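Colleague: Sharing coords38.cif, mmCIF, C-alpha atoms:
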```cif
data_model
loop_
_atom_site.group_PDB
_atom_site.id
_atom_site.type_symbol
_atom_site.label_atom_id
_atom_site.label_comp_id
_atom_site.auth_asym_id
_atom_site.auth_seq_id
_atom_site.Cartn_x
_atom_site.Cartn_y
_atom_site.Cartn_z
ATOM 1 C CA MET A 1310 -184.773 -55.244 -89.860
ATOM 2 C CA PRO A 1311 -184.401 -58.401 -87.748
ATOM 3 C CA ALA A 1312 -187.522 -60.280 -86.694
ATOM 4 C CA SER A 1313 -186.360 -60.207 -83.056
ATOM 5 C CA LEU A 1314 -184.600 -57.521 -81.056
ATOM 6 C CA ASN A 1315 -183.140 -60.115 -78.684
ATOM 7 C CA GLY A 1316 -180.274 -61.312 -80.895
ATOM 8 C CA PRO A 1317 -176.594 -61.630 -80.009
ATOM 9 C CA ALA A 1318 -174.937 -58.746 -78.168
ATOM 10 C CA ARG A 1319 -171.278 -58.049 -77.532
ATOM 11 C CA ILE A 1320 -168.978 -55.516 -75.977
ATOM 12 C CA GLY A 1321 -165.982 -54.446 -78.015
ATOM 13 C CA ARG A 1322 -163.773 -51.537 -78.922
ATOM 14 C CA VAL A 1323 -164.587 -49.555 -82.066
ATOM 15 C CA THR A 1324 -162.291 -47.296 -84.073
ATOM 16 C CA PHE A 1325 -163.525 -43.938 -85.315
ATOM 17 C CA SER A 1326 -162.600 -42.704 -88.800
ATOM 18 C CA LYS A 1327 -160.529 -39.523 -89.106
ATOM 19 C CA THR A 1328 -163.656 -37.557 -90.016
ATOM 20 C CA GLY A 1329 -165.717 -39.198 -87.246
ATOM 21 C CA LYS A 1330 -168.454 -40.077 -89.757
ATOM 22 C CA SER A 1331 -167.951 -43.840 -89.522
ATOM 23 C CA ILE A 1332 -166.780 -46.461 -87.046
ATOM 24 C CA SER A 1333 -165.060 -49.795 -87.589
ATOM 25 C CA TYR A 1334 -165.424 -53.018 -85.633
ATOM 26 C CA ASP A 1335 -164.299 -56.554 -86.466
ATOM 27 C CA GLY A 1336 -163.425 -55.676 -90.074
ATOM 28 C CA ARG A 1337 -166.757 -53.964 -90.741
ATOM 29 C CA THR A 1338 -167.500 -50.271 -91.277
ATOM 30 C CA PHE A 1339 -170.643 -48.637 -89.887
ATOM 31 C CA GLN A 1340 -172.233 -45.254 -90.560
ATOM 32 C CA SER A 1341 -174.837 -43.419 -88.519
ATOM 33 C CA LEU A 1342 -178.502 -43.506 -89.496
ATOM 34 C CA LYS A 1343 -178.666 -39.960 -88.045
ATOM 35 C CA GLY A 1344 -181.865 -40.608 -86.122
ATOM 36 C CA SER A 1345 -183.796 -42.188 -89.005
ATOM 37 C CA GLY A 1346 -183.579 -45.768 -87.711
ATOM 38 C CA PHE A 1347 -186.062 -47.649 -85.530
ATOM 39 C CA LYS A 1348 -184.239 -49.646 -82.842
ATOM 40 C CA ALA A 1349 -181.042 -49.133 -84.855
ATOM 41 C CA ASN A 1350 -178.608 -46.241 -85.021
ATOM 42 C CA TYR A 1351 -175.894 -47.505 -87.409
ATOM 43 C CA PHE A 1352 -175.768 -49.528 -90.624
ATOM 44 C CA ASP A 1353 -173.070 -51.701 -92.175
ATOM 45 C CA THR A 1354 -171.790 -49.771 -95.214
ATOM 46 C CA GLU A 1355 -171.253 -52.982 -97.201
ATOM 47 C CA THR A 1356 -174.423 -54.951 -96.459
ATOM 48 C CA GLY A 1357 -176.883 -52.275 -95.287
ATOM 49 C CA GLU A 1358 -177.679 -54.390 -92.207
ATOM 50 C CA ARG A 1359 -178.763 -52.226 -89.251
ATOM 51 C CA PHE A 1360 -177.316 -52.340 -85.741
ATOM 52 C CA TRP A 1361 -177.690 -50.708 -82.341
ATOM 53 C CA ILE A 1362 -174.237 -49.476 -81.249
ATOM 54 C CA SER A 1363 -173.746 -47.629 -77.974
ATOM 55 C CA GLY A 1364 -171.265 -47.126 -75.192
ATOM 56 C CA PRO A 1365 -171.075 -49.438 -72.160
ATOM 57 C CA ARG A 1366 -173.289 -48.836 -69.142
ATOM 58 C CA LYS A 1367 -172.201 -48.884 -65.515
ATOM 59 C CA ASP A 1368 -175.275 -50.876 -64.464
ATOM 60 C CA GLY A 1369 -174.429 -53.724 -66.887
ATOM 61 C CA LYS A 1370 -177.667 -53.395 -68.889
ATOM 62 C CA ASP A 1371 -175.822 -53.022 -72.172
ATOM 63 C CA ARG A 1372 -178.478 -54.591 -74.405
ATOM 64 C CA LEU A 1373 -181.010 -52.549 -76.376
ATOM 65 C CA CYS A 1374 -183.800 -54.690 -74.890
ATOM 66 C CA ALA A 1375 -182.864 -55.179 -71.242
ATOM 67 C CA GLU A 1376 -185.497 -57.912 -70.730
ATOM 68 C CA SER A 1377 -183.448 -60.395 -72.778
ATOM 69 C CA GLY A 1378 -181.913 -63.129 -70.651
ATOM 70 C CA SER A 1379 -179.038 -63.703 -73.076
ATOM 71 C CA PRO A 1380 -175.559 -62.709 -71.888
ATOM 72 C CA VAL A 1381 -173.555 -59.912 -73.471
ATOM 73 C CA LEU A 1382 -170.345 -61.292 -74.976
ATOM 74 C CA GLY A 1383 -167.020 -59.545 -74.358
ATOM 75 C CA GLU A 1384 -163.978 -59.380 -76.584
ATOM 76 C CA LEU A 1385 -161.393 -62.101 -76.138
#
```
Take the structure I supplied and represent it as structure tokens, if you would.

Modeller:
Amino acid sequence: MPASLNGPARIGRVTFSKTGKSISYDGRTFQSLKGSGFKANYFDTETGERFWISGPRKDGKDRLCAESGSPVLGEL
């Protein structure tokens, strides 16, 4: 678990597996923590590192911790 919840954030397109049990982004594969995570809902299947992955929001507050002043990075 990271020491800070205000790390880098980005917006990107994920690909769902055929079974829907995992998602892929930027060459990495993630599986759901199925509600067992704290401030994380997916983990990297290779490293075990935990992430918060969600859909985009209309109000632009796409970060887990909205109080962060850091910008959300988009795909190039």

Colleague: Please list as a ChimeraX atom specification every residue within 12 Å of Ser1331 in chain A, counting all atoms listed in the file and excluding residues in the same chain fewer than 6 positions away.

Modeller: /A:1323-1325,1337-1343,1350-1354,1362

Colleague: Record the distance separating CA of Gly1364 in chain A and CA of Gly1336 in chain A, expressed in Å with one decimal.

Modeller: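 According to the coordinates, CA of Gly1364 in chain A and CA of Gly1336 in chain A are separated by 18.9 Å.
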
Colleague: What is the distance between CA of Asp1335 in chain A and CA of Ala1349 in chain A, in Å to one decimal?

Modeller: 18.4 Å

Colleague: Using Å and a single decimal, report how far CA of Arg1366 in chain A sits from CA of Ser1326 in chain A.

Modeller: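 Calculated distance between CA of Ser1326 in chain A and CA of Arg1366 in chain A is 23.2 Å.
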